[in-house]
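Peer 1: This is input16.txt, which holds compact mmCIF, C-alpha atoms and all ligand atoms:
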# COMPACT_ATOMS: atom_id res chain seq x y z
CA MET P 1 14.90 39.33 -46.66
CA LEU P 2 18.24 39.18 -44.92
CA ASP P 3 17.59 42.03 -42.50
CA GLY P 4 13.82 41.68 -42.17
CA PHE P 5 13.11 44.59 -44.57
CA VAL P 6 11.58 44.18 -48.01
CA GLN P 7 14.08 43.81 -50.86
CA MET P 8 14.33 47.08 -52.77
CA LYS P 9 15.89 48.51 -55.91
CA ILE P 10 17.77 51.54 -54.69
CA LEU P 11 19.23 54.42 -56.67
CA LEU P 12 22.11 55.97 -54.73
CA THR P 13 23.77 59.18 -55.91
CA GLY P 14 27.31 59.77 -54.65
CA GLY P 15 27.76 56.03 -54.09
CA ALA P 16 31.48 56.06 -54.96
CA GLY P 17 32.28 58.48 -52.14
CA PHE P 18 33.29 57.82 -48.56
CA ILE P 19 29.86 57.44 -46.92
CA GLY P 20 28.07 56.38 -50.13
CA SER P 21 30.38 53.41 -50.75
CA HIS P 22 29.87 52.10 -47.19
CA LEU P 23 26.14 52.47 -47.74
CA CYS P 24 26.45 50.46 -50.99
CA ASP P 25 28.16 47.69 -48.99
CA LEU P 26 25.40 47.56 -46.38
CA LEU P 27 22.58 47.65 -48.94
CA ILE P 28 24.10 44.83 -50.98
CA ARG P 29 24.84 42.83 -47.83
CA ASN P 30 21.18 43.16 -46.84
CA GLY P 31 19.99 41.79 -50.19
CA HIS P 32 18.93 45.00 -51.96
CA SER P 33 19.96 45.91 -55.48
CA VAL P 34 21.79 49.19 -56.01
CA ILE P 35 22.20 51.54 -58.94
CA CYS P 36 25.09 53.77 -57.95
CA ILE P 37 25.40 57.06 -59.82
CA ASP P 38 28.53 59.14 -59.36
CA ASN P 39 30.59 61.53 -61.51
CA LEU P 40 33.71 60.75 -59.42
CA ILE P 41 34.44 64.43 -58.77
CA THR P 42 35.46 63.67 -55.18
CA GLY P 43 34.76 59.92 -55.10
CA LYS P 44 36.79 57.00 -56.42
CA LYS P 45 35.91 53.89 -58.39
CA GLU P 46 38.26 51.94 -56.10
CA ASN P 47 35.72 52.45 -53.29
CA ILE P 48 33.19 50.29 -55.14
CA GLN P 49 35.58 48.13 -57.21
CA HIS P 50 34.75 45.05 -55.13
CA LEU P 51 31.02 45.43 -55.96
CA LEU P 52 31.31 45.87 -59.72
CA SER P 53 31.00 42.14 -60.49
CA ASN P 54 27.95 41.71 -58.22
CA PRO P 55 24.77 41.20 -60.30
CA ASN P 56 22.82 43.29 -57.77
CA PHE P 57 25.11 46.28 -58.25
CA LYS P 58 25.31 48.68 -61.18
CA PHE P 59 27.59 51.71 -61.51
CA ILE P 60 26.75 54.61 -63.80
CA GLN P 61 29.20 57.48 -64.18
CA HIS P 62 26.97 60.53 -64.47
CA ASP P 63 26.63 64.07 -63.17
CA VAL P 64 23.30 64.25 -61.30
CA THR P 65 22.95 67.97 -62.00
CA LYS P 66 22.04 66.71 -65.50
CA GLN P 67 18.81 64.76 -65.84
CA ILE P 68 18.80 61.29 -64.26
CA ARG P 69 17.00 58.64 -66.30
CA PRO P 70 17.16 55.21 -64.67
CA LYS P 71 16.16 52.47 -67.13
CA GLU P 72 14.11 50.64 -64.52
CA LYS P 73 11.69 51.43 -61.72
CA VAL P 74 13.33 52.13 -58.38
CA ASP P 75 11.83 51.83 -54.89
CA TYR P 76 14.13 54.24 -53.07
CA VAL P 77 16.31 57.20 -54.08
CA LEU P 78 19.18 58.07 -51.75
CA HIS P 79 20.73 61.43 -52.65
CA PHE P 80 24.25 61.53 -51.21
CA ALA P 81 26.11 63.24 -54.07
CA SER P 82 27.92 66.41 -52.99
CA PRO P 83 31.45 67.53 -52.25
CA ALA P 84 31.56 67.32 -48.45
CA SER P 85 34.90 68.48 -47.11
CA PRO P 86 35.50 72.24 -46.76
CA VAL P 87 38.54 72.00 -49.04
CA ASP P 88 36.44 70.25 -51.71
CA TYR P 89 33.50 72.61 -51.62
CA LEU P 90 35.76 75.67 -51.64
CA LYS P 91 37.45 74.20 -54.74
CA TYR P 92 34.06 73.49 -56.39
CA PRO P 93 31.72 76.23 -55.09
CA ILE P 94 29.37 76.28 -58.08
CA LYS P 95 29.29 72.50 -58.54
CA THR P 96 28.45 72.24 -54.81
CA LEU P 97 25.57 74.69 -55.16
CA LYS P 98 24.36 72.89 -58.29
CA VAL P 99 24.44 69.37 -56.85
CA GLY P 100 22.55 70.54 -53.74
CA SER P 101 19.93 72.39 -55.80
CA LEU P 102 19.64 70.98 -59.36
CA GLY P 103 20.93 67.56 -58.27
CA THR P 104 18.40 67.31 -55.45
CA HIS P 105 15.62 68.47 -57.78
CA ASN P 106 16.57 65.79 -60.33
CA ALA P 107 16.80 63.08 -57.69
CA LEU P 108 13.40 64.07 -56.29
CA GLY P 109 12.03 63.94 -59.84
CA VAL P 110 13.04 60.26 -60.06
CA ALA P 111 11.35 59.56 -56.70
CA LYS P 112 8.18 61.31 -57.90
CA LYS P 113 8.13 59.46 -61.23
CA TYR P 114 8.36 56.03 -59.60
CA LYS P 115 6.52 56.89 -56.34
CA ALA P 116 9.74 55.87 -54.61
CA LYS P 117 10.86 56.85 -51.14
CA PHE P 118 13.58 59.50 -50.94
CA MET P 119 16.43 60.25 -48.55
CA LEU P 120 18.56 63.40 -48.53
CA ALA P 121 22.04 63.40 -47.01
CA SER P 122 21.98 66.73 -45.20
CA THR P 123 24.56 67.99 -42.76
CA SER P 124 25.29 69.58 -39.40
CA GLU P 125 26.56 72.52 -41.50
CA ILE P 126 22.95 73.67 -41.90
CA TYR P 127 23.36 74.88 -38.27
CA GLY P 128 26.30 77.05 -39.43
CA ASP P 129 28.38 78.46 -36.56
CA PRO P 130 25.82 77.44 -33.94
CA LEU P 131 24.87 79.63 -31.01
CA VAL P 132 23.26 76.64 -29.29
CA ASN P 133 25.23 73.60 -28.17
CA PRO P 134 24.37 70.72 -28.58
CA GLN P 135 22.25 71.28 -31.68
CA PRO P 136 18.72 69.82 -31.67
CA GLU P 137 16.83 69.45 -34.95
CA THR P 138 14.61 72.37 -33.90
CA TYR P 139 17.54 74.85 -33.97
CA TYR P 140 17.37 77.11 -37.05
CA GLY P 141 21.11 77.71 -37.23
CA ASN P 142 23.46 80.65 -37.69
CA VAL P 143 24.66 80.65 -41.29
CA ASN P 144 26.57 83.31 -43.25
CA CYS P 145 25.07 82.82 -46.70
CA ILE P 146 27.81 84.85 -48.44
CA GLY P 147 30.75 83.42 -46.49
CA PRO P 148 33.05 80.71 -47.94
CA ARG P 149 31.04 77.86 -46.39
CA GLY P 150 27.76 79.39 -47.61
CA VAL P 151 27.95 77.48 -50.92
CA TYR P 152 27.63 74.19 -49.04
CA ASP P 153 25.41 75.29 -46.16
CA GLU P 154 22.87 77.08 -48.33
CA ALA P 155 22.84 74.29 -50.94
CA LYS P 156 21.96 71.82 -48.20
CA ARG P 157 19.40 74.17 -46.64
CA PHE P 158 17.75 74.54 -50.07
CA ALA P 159 17.94 70.74 -50.49
CA GLU P 160 16.09 70.22 -47.19
CA ALA P 161 13.46 72.80 -48.19
CA ILE P 162 12.77 71.26 -51.61
CA THR P 163 12.75 67.75 -50.14
CA LEU P 164 10.03 68.72 -47.65
CA ALA P 165 8.16 70.61 -50.39
CA TYR P 166 8.03 67.40 -52.48
CA HIS P 167 6.72 65.60 -49.42
CA LYS P 168 3.98 68.14 -48.80
CA LYS P 169 3.06 68.88 -52.42
CA HIS P 170 3.56 65.46 -54.04
CA GLY P 171 3.22 63.11 -51.08
CA ILE P 172 6.74 61.63 -51.50
CA ASP P 173 7.82 59.68 -48.41
CA VAL P 174 11.03 61.58 -47.60
CA LYS P 175 13.78 61.23 -44.99
CA ILE P 176 16.41 63.86 -44.16
CA VAL P 177 19.53 62.74 -42.33
CA ARG P 178 21.61 65.53 -40.80
CA ILE P 179 25.02 63.91 -40.80
CA PHE P 180 27.61 65.15 -38.29
CA ASN P 181 31.39 64.72 -38.73
CA THR P 182 32.13 61.12 -39.68
CA HIS P 183 35.40 59.26 -40.15
CA GLY P 184 36.66 55.85 -41.20
CA PRO P 185 38.23 53.88 -44.04
CA ARG P 186 37.99 55.30 -47.59
CA MET P 187 38.40 58.94 -46.57
CA ARG P 188 40.92 60.53 -48.91
CA LYS P 189 44.11 61.48 -47.12
CA ASN P 190 44.14 64.80 -49.00
CA ASP P 191 40.47 65.70 -48.55
CA GLY P 192 41.53 68.39 -46.09
CA ARG P 193 39.38 67.27 -43.16
CA ALA P 194 40.88 67.23 -39.69
CA ILE P 195 41.11 63.46 -39.14
CA PRO P 196 42.70 62.47 -42.48
CA ASN P 197 45.05 65.48 -42.32
CA PHE P 198 46.16 64.70 -38.75
CA ILE P 199 46.61 60.96 -39.35
CA ASP P 200 48.54 61.54 -42.55
CA GLN P 201 50.75 64.16 -40.90
CA ALA P 202 51.34 62.01 -37.79
CA LEU P 203 52.29 58.96 -39.90
CA LYS P 204 54.74 61.10 -41.91
CA LYS P 205 56.10 62.62 -38.68
CA GLU P 206 55.17 66.07 -39.99
CA PRO P 207 53.65 68.77 -37.74
CA LEU P 208 49.89 68.50 -37.26
CA THR P 209 48.26 71.66 -38.64
CA VAL P 210 45.82 72.93 -36.00
CA TYR P 211 43.80 75.89 -37.27
CA GLY P 212 43.34 78.77 -34.82
CA ASP P 213 44.14 77.89 -31.19
CA GLY P 214 42.40 74.52 -31.58
CA SER P 215 39.72 75.34 -29.01
CA GLN P 216 36.91 74.84 -31.55
CA THR P 217 35.05 71.58 -30.98
CA ARG P 218 33.67 68.77 -33.13
CA SER P 219 32.07 65.40 -32.33
CA PHE P 220 33.24 62.51 -34.51
CA CYS P 221 31.15 59.49 -35.44
CA TYR P 222 32.67 56.24 -36.72
CA ILE P 223 31.41 55.19 -40.16
CA SER P 224 29.76 51.89 -39.05
CA ASP P 225 27.58 53.77 -36.54
CA MET P 226 26.71 56.38 -39.17
CA ILE P 227 25.65 53.75 -41.73
CA ASP P 228 23.60 51.93 -39.09
CA GLY P 229 21.78 55.16 -38.19
CA ILE P 230 21.15 56.03 -41.85
CA TYR P 231 19.72 52.57 -42.52
CA LYS P 232 17.42 52.78 -39.51
CA LEU P 233 16.18 56.19 -40.65
CA MET P 234 15.65 54.87 -44.21
CA ASN P 235 13.36 52.20 -42.84
CA SER P 236 11.49 54.47 -40.42
CA ASN P 237 8.25 56.37 -40.93
CA LEU P 238 9.83 59.75 -40.04
CA ASN P 239 9.73 62.64 -42.54
CA ASP P 240 11.35 65.44 -40.56
CA PRO P 241 15.16 65.86 -40.29
CA VAL P 242 17.04 63.64 -37.85
CA ASN P 243 20.55 64.26 -36.48
CA ILE P 244 22.89 61.28 -36.75
CA GLY P 245 26.29 61.69 -35.12
CA ASN P 246 28.31 60.94 -32.04
CA PRO P 247 27.75 63.46 -29.21
CA ASP P 248 31.22 62.89 -27.73
CA GLU P 249 32.61 66.43 -28.16
CA ILE P 250 36.35 67.17 -28.29
CA THR P 251 38.48 70.23 -29.07
CA ILE P 252 40.52 70.05 -32.26
CA LEU P 253 43.75 70.53 -30.28
CA GLU P 254 42.83 67.55 -28.07
CA LEU P 255 42.01 65.52 -31.20
CA ALA P 256 45.44 66.31 -32.66
CA LYS P 257 47.15 65.23 -29.42
CA ARG P 258 45.09 62.00 -29.30
CA ILE P 259 46.14 61.14 -32.86
CA ILE P 260 49.81 61.80 -32.05
CA GLU P 261 49.47 59.41 -29.08
CA LEU P 262 47.59 56.70 -30.98
CA THR P 263 50.12 56.70 -33.83
CA SER P 264 53.07 56.90 -31.38
CA SER P 265 54.27 59.77 -33.53
CA LYS P 266 56.94 62.32 -32.69
CA SER P 267 55.05 65.01 -34.60
CA LYS P 268 54.56 68.46 -33.06
CA ILE P 269 51.62 70.82 -33.43
CA ALA P 270 51.85 73.69 -35.96
CA TYR P 271 49.24 76.41 -35.48
CA LYS P 272 47.79 77.86 -38.71
CA PRO P 273 45.20 80.60 -39.31
CA LEU P 274 41.58 79.70 -38.59
CA PRO P 275 39.50 79.61 -41.81
CA ALA P 276 36.64 82.15 -42.03
CA ASP P 277 33.34 81.13 -40.40
CA ASP P 278 34.83 77.93 -38.95
CA PRO P 279 32.16 76.77 -36.46
CA LYS P 280 33.33 77.20 -32.84
CA VAL P 281 31.34 74.29 -31.49
CA ARG P 282 29.50 71.30 -32.92
CA ARG P 283 27.76 68.50 -31.13
CA PRO P 284 24.60 66.63 -32.13
CA ASP P 285 21.62 66.36 -29.83
CA ILE P 286 20.60 62.79 -30.70
CA THR P 287 17.54 62.54 -28.43
CA LEU P 288 15.27 62.13 -31.46
CA ALA P 289 17.33 59.34 -33.07
CA LYS P 290 17.56 57.53 -29.73
CA LYS P 291 13.83 57.74 -29.13
CA LYS P 292 12.43 57.19 -32.62
CA LEU P 293 15.08 54.97 -34.20
CA ASN P 294 16.41 53.26 -31.10
CA TRP P 295 19.83 54.27 -32.44
CA GLN P 296 22.94 55.53 -30.71
CA PRO P 297 26.62 55.19 -31.58
CA LYS P 298 28.45 52.14 -30.28
CA VAL P 299 32.05 52.91 -31.30
CA ASN P 300 33.83 55.39 -29.05
CA LEU P 301 36.31 57.95 -30.38
CA GLU P 302 39.45 56.05 -29.43
CA GLU P 303 38.23 52.75 -30.88
CA GLY P 304 37.12 54.47 -34.08
CA LEU P 305 40.35 56.44 -34.45
CA LYS P 306 42.38 53.24 -34.07
CA LYS P 307 40.43 51.63 -36.92
CA THR P 308 40.79 54.69 -39.15
CA ILE P 309 44.53 54.93 -38.37
CA ASP P 310 45.00 51.21 -39.15
CA TRP P 311 43.30 51.67 -42.48
CA PHE P 312 45.49 54.67 -43.38
CA LYS P 313 48.59 52.69 -42.38
CA ASN P 314 47.54 49.75 -44.56
CA GLN P 315 46.96 51.98 -47.55
CA GLY P 316 50.63 52.95 -47.64
CA GLY P 317 51.29 54.56 -51.02
CA LEU P 318 47.89 53.57 -52.42
CA LEU P 319 46.02 56.75 -51.56
P1 LIG P 401 32.55 62.29 -50.68
O1 LIG P 401 33.09 63.46 -51.38
O2 LIG P 401 33.47 61.17 -50.33
O3 LIG P 401 31.34 61.65 -51.51
C1 LIG P 401 30.47 62.42 -52.30
C2 LIG P 401 30.28 61.70 -53.62
O4 LIG P 401 29.39 62.48 -54.46
C3 LIG P 401 31.59 61.56 -54.40
O5 LIG P 401 31.76 60.23 -54.81
C4 LIG P 401 31.42 62.51 -55.59
O6 LIG P 401 32.14 62.10 -56.72
C5 LIG P 401 29.91 62.47 -55.77
N1 LIG P 401 29.37 63.64 -56.47
C6 LIG P 401 29.55 64.95 -56.17
N2 LIG P 401 28.89 65.73 -57.05
C7 LIG P 401 28.27 64.89 -57.93
C8 LIG P 401 27.45 65.08 -59.06
N3 LIG P 401 27.12 66.31 -59.50
N4 LIG P 401 26.98 64.00 -59.72
C9 LIG P 401 27.29 62.75 -59.31
N5 LIG P 401 28.07 62.50 -58.23
C10 LIG P 401 28.56 63.56 -57.55
O7 LIG P 401 31.81 62.82 -49.38
P2 LIG P 401 31.16 62.04 -48.16
O8 LIG P 401 31.89 62.44 -46.95
O9 LIG P 401 31.01 60.61 -48.49
O10 LIG P 401 29.73 62.73 -48.11
C11 LIG P 401 28.57 62.07 -48.65
C12 LIG P 401 27.33 62.90 -48.32
O11 LIG P 401 27.20 63.03 -46.91
C13 LIG P 401 27.38 64.31 -48.90
O12 LIG P 401 26.10 64.66 -49.37
C14 LIG P 401 27.76 65.16 -47.71
O13 LIG P 401 27.25 66.46 -47.82
C15 LIG P 401 27.12 64.39 -46.56
N6 LIG P 401 27.83 64.65 -45.27
C16 LIG P 401 29.04 64.06 -45.01
C17 LIG P 401 29.67 64.32 -43.79
C18 LIG P 401 30.97 63.67 -43.40
O14 LIG P 401 31.44 63.86 -42.26
N7 LIG P 401 31.60 62.87 -44.25
C19 LIG P 401 29.08 65.20 -42.87
C20 LIG P 401 27.88 65.80 -43.21
C21 LIG P 401 27.25 65.50 -44.40
N1 LIG P 402 41.16 71.60 -38.86
C1 LIG P 402 42.41 71.81 -38.36
N2 LIG P 402 43.48 71.35 -39.07
C2 LIG P 402 43.35 70.68 -40.24
C3 LIG P 402 42.04 70.45 -40.74
C4 LIG P 402 40.97 70.93 -40.02
O1 LIG P 402 42.59 72.42 -37.29
O2 LIG P 402 44.37 70.29 -40.82
C5 LIG P 402 40.01 72.09 -38.07
C6 LIG P 402 39.02 72.93 -38.85
O3 LIG P 402 39.41 74.29 -38.83
C7 LIG P 402 37.74 72.68 -38.07
C8 LIG P 402 37.89 71.25 -37.56
O4 LIG P 402 39.27 70.95 -37.65
O5 LIG P 402 37.68 73.53 -36.95
C9 LIG P 402 37.12 70.22 -38.37
O6 LIG P 402 37.44 70.43 -39.71
P1 LIG P 402 36.93 69.45 -40.87
O7 LIG P 402 37.43 70.02 -42.16
O8 LIG P 402 37.29 68.06 -40.54
O9 LIG P 402 35.35 69.52 -40.81
P2 LIG P 402 34.28 70.68 -40.56
O10 LIG P 402 33.59 70.22 -39.34
O11 LIG P 402 34.94 72.00 -40.36
O12 LIG P 402 33.44 70.63 -41.77
What's the structure tokens form of this structure?

Peer 2:
Amino acid sequence: MLDGFVQMKILLTGGAGFIGSHLCDLLIRNGHSVICIDNLITGKKENIQHLLSNPNFKFIQHDVTKQIRPKEKVDYVLHFASPASPVDYLKYPIKTLKVGSLGTHNALGVAKKYKAKFMLASTSEIYGDPLVNPQPETYYGNVNCIGPRGVYDEAKRFAEAITLAYHKKHGIDVKIVRIFNTHGPRMRKNDGRAIPNFIDQALKKEPLTVYGDGSQTRSFCYISDMIDGIYKLMNSNLNDPVNIGNPDEITILELAKRIIELTSSKSKIAYKPLPADDPKVRRPDITLAKKKLNWQPKVNLEEGLKKTIDWFKNQGGLL
């Protein structure tokens, strides 16, 4: 096997999305075969276009909230399908709840049927607007279940609960990755997240829309580090949730200024109202990933931002 792991047949939901498509690339590169299932609600076929002619890659357009019936036995189910940006999950609140609940149940059903391993893409949002910073996996979170972000946060919290229930009740070997803010090529410029918005605005010389006073913090991980961490967790013997993210914390105002600098833009900052329940701080405690997976991010914020900016520049009118 190319990477020292056994060759596997992997079913990946959400594989045409931002993170999912990078995961497809890594899995194929490492000699696995991939069945990618996606209904393209927030993903794009262009993200996986280059893989479509590969005999080890199969794409099925399907909504995973409806039953999933792979025609062949799979060794691993990776459940990454879900709208992920606040703008997307506010636009699709019920679909977000359904993919986190019914979709996770269906994906777990496939793992149970084939005695396959299972990984859930969870999120730092399960910590809500955290009262503890940085957030270790042991923190229970501070979530408003009826607020606008509740549809995503509670769907993912349910998804974690049912994933661990399948582990305890049915003995499925499960992994839960709590993904913190990630950026890189293949993000949609209109997905509403801070980095694509700011880069797009800076390149168009429009004002960068900072919500609130910009003092809220986030910690951004570059996609190659994220995929590396996910792959290490996939191949580990851990069953409890693991944070994967970059602990380098920055205020959103500082991020906007950095992007103006790195794009040599003349854009100004335009302050806009802060959305309800917007977390005030977010930073992963990655002690567990460091210790158990021997993983930590390698790409610093500036290096990562330069790569993401270059990609956006090269896309021109394509996005
Ligand atoms: P994305 O929107 O680019 O990708 C999600 C993919 O899931 C899309 O291709 C979409 O079409 C697909 N999808 C959604 N509902 C579906 C359904 N019912 N059936 C089939 N396919 C469906 O988002 P992303 O940023 O790549 O996020 C991928 C996963 O990682 C999500 O589960 C998200 O919650 C998680 N995550 C991402 C981040 C981040 O910073 N990008 C942070 C935390 C967690
Ligand atoms: N944000 C902002 N301007 C934008 C988009 C986002 O100030 O144009 C802020 C948003 O309010 C949040 C942070 O940037 O505080 C990160 O937002 P994003 O949507 O990227 O991810 P989140 O971590 O909130 O899910």

Peer 1: In Å to one decimal, how far is CA of Gln216 (chain P) from CA of Ser265 (chain P)?

Peer 2: 23.1 Å

Peer 1: Measuring atom to atom with all atoms listed in the file, identify which of P:Asp153, P:Asp278, P:Glu254, P:Glu206 is nearest to ligand LIG 402 (chain P).

Peer 2: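 Smallest separation from ligand LIG 402 (chain P) among the options: P:Asp278.
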
Peer 1: Could you list the protein, DNA and RNA residues that have any atom within 6 Å of ligand LIG 402 (chain P), counting all atoms listed in the file, and write them as a ChimeraX atom specification?

Peer 2: /P:85-86,181,192-194,197,209-211,216,252,274,278

Peer 1: Can you write out as a Markdown table which residues of chain P fall within 8 Å of ligand LIG 401 (chain P), alongside each residue's closest atom pair and its distance in Å to one decimal, counting only C-alpha atoms and all ligand atoms and ordering rows by chain and ascending residue number?

Peer 2:
| residue | atom | partner | partner_atom | distance |
| --- | --- | --- | --- | --- |
| P:Thr13 | CA | P:LIG401 | N5 | 5.9 |
| P:Gly14 | CA | P:LIG401 | O4 | 3.4 |
| P:Gly15 | CA | P:LIG401 | O5 | 5.8 |
| P:Ala16 | CA | P:LIG401 | O5 | 4.2 |
| P:Gly17 | CA | P:LIG401 | O5 | 3.2 |
| P:Phe18 | CA | P:LIG401 | O9 | 3.6 |
| P:Ile19 | CA | P:LIG401 | O9 | 3.7 |
| P:Gly20 | CA | P:LIG401 | O9 | 5.4 |
| P:Ser21 | CA | P:LIG401 | O9 | 7.6 |
| P:Ile37 | CA | P:LIG401 | C9 | 6.0 |
| P:Asp38 | CA | P:LIG401 | N5 | 3.6 |
| P:Asn39 | CA | P:LIG401 | C9 | 4.1 |
| P:Leu40 | CA | P:LIG401 | O6 | 3.4 |
| P:Ile41 | CA | P:LIG401 | O6 | 3.9 |
| P:Thr42 | CA | P:LIG401 | O6 | 4.0 |
| P:Gly43 | CA | P:LIG401 | O5 | 3.0 |
| P:Lys44 | CA | P:LIG401 | O5 | 6.2 |
| P:Gln61 | CA | P:LIG401 | C9 | 7.4 |
| P:His62 | CA | P:LIG401 | C9 | 5.6 |
| P:Asp63 | CA | P:LIG401 | N4 | 3.5 |
| P:Val64 | CA | P:LIG401 | N4 | 4.0 |
| P:Thr65 | CA | P:LIG401 | N3 | 5.1 |
| P:Lys66 | CA | P:LIG401 | N3 | 7.9 |
| P:His79 | CA | P:LIG401 | O12 | 7.1 |
| P:Phe80 | CA | P:LIG401 | O12 | 4.1 |
| P:Ala81 | CA | P:LIG401 | O4 | 3.4 |
| P:Ser82 | CA | P:LIG401 | C6 | 3.9 |
| P:Pro83 | CA | P:LIG401 | O1 | 4.5 |
| P:Ala84 | CA | P:LIG401 | C14 | 4.4 |
| P:Ser85 | CA | P:LIG401 | O8 | 6.8 |
| P:Asp88 | CA | P:LIG401 | O1 | 7.6 |
| P:Lys95 | CA | P:LIG401 | N3 | 6.6 |
| P:Thr96 | CA | P:LIG401 | N2 | 6.9 |
| P:Lys98 | CA | P:LIG401 | N3 | 7.2 |
| P:Val99 | CA | P:LIG401 | N3 | 4.9 |
| P:Gly103 | CA | P:LIG401 | N3 | 6.4 |
| P:Leu120 | CA | P:LIG401 | O12 | 7.7 |
| P:Ala121 | CA | P:LIG401 | O12 | 4.9 |
| P:Ser122 | CA | P:LIG401 | C21 | 5.5 |
| P:Thr123 | CA | P:LIG401 | C20 | 4.0 |
| P:Ser124 | CA | P:LIG401 | C20 | 6.0 |
| P:Glu125 | CA | P:LIG401 | C20 | 7.1 |
| P:Tyr152 | CA | P:LIG401 | O13 | 7.8 |
| P:Lys156 | CA | P:LIG401 | O13 | 7.5 |
| P:Arg178 | CA | P:LIG401 | C21 | 6.7 |
| P:Ile179 | CA | P:LIG401 | C20 | 4.2 |
| P:Phe180 | CA | P:LIG401 | C19 | 4.8 |
| P:Asn181 | CA | P:LIG401 | O14 | 3.6 |
| P:Thr182 | CA | P:LIG401 | O14 | 3.8 |
| P:His183 | CA | P:LIG401 | O14 | 6.4 |
| P:Arg186 | CA | P:LIG401 | O2 | 7.9 |
| P:Met187 | CA | P:LIG401 | O2 | 6.6 |
| P:Arg188 | CA | P:LIG401 | O2 | 7.6 |

Peer 1: Would you mind reading off the distance between CA of Asp228 (chain P) and CA of Trp295 (chain P), one decimal, in Å?

Peer 2: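 Between CA of Asp228 (chain P) and CA of Trp295 (chain P) the gap works out to 8.0 Å.
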
Peer 1: What does the structure give for the distance between CA of Phe312 (chain P) and CA of Ser53 (chain P), in Å to one decimal?

Peer 2: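 So the two atoms, CA of Phe312 (chain P) and CA of Ser53 (chain P), lie 25.7 Å apart.
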
Peer 1: Find the residues near Asp200 (chain P): any atom within 9 Å, counting only C-alpha atoms, skip ones fewer than 3 places away on the same chain, and give them as a ChimeraX atom specification.

Peer 2: /P:189-190,195-197,203-206,208,309,312-313

Peer 1: Just to be explicit: take each residue in the selection above, keep C-alpha atoms, and write the result as a tab-separated table (two decimals), in the frame of the given file.

Peer 2:
chain	number	residue	atom	x	y	z
P	189	LYS	CA	44.11	61.48	-47.12
P	190	ASN	CA	44.14	64.80	-49.00
P	195	ILE	CA	41.11	63.46	-39.14
P	196	PRO	CA	42.70	62.47	-42.48
P	197	ASN	CA	45.05	65.48	-42.32
P	203	LEU	CA	52.29	58.96	-39.90
P	204	LYS	CA	54.74	61.10	-41.91
P	205	LYS	CA	56.10	62.62	-38.68
P	206	GLU	CA	55.17	66.07	-39.99
P	208	LEU	CA	49.89	68.50	-37.26
P	309	ILE	CA	44.53	54.93	-38.37
P	312	PHE	CA	45.49	54.67	-43.38
P	313	LYS	CA	48.59	52.69	-42.38

Peer 1: Compare P:Tyr139, P:Tyr166, P:Tyr89, P:Tyr222 by their minimum atom-to-atom distance to Val151 (chain P), counting all atoms listed in the file, and give me the closest one.

Peer 2: P:Tyr89

Peer 1: Quick one: of P:Lys268, P:His22, P:Lys91, P:Lys307, who's nearest to Met226 (chain P), counting only C-alpha atoms?

Peer 2: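 The closest residue to Met226 (chain P) is P:His22.
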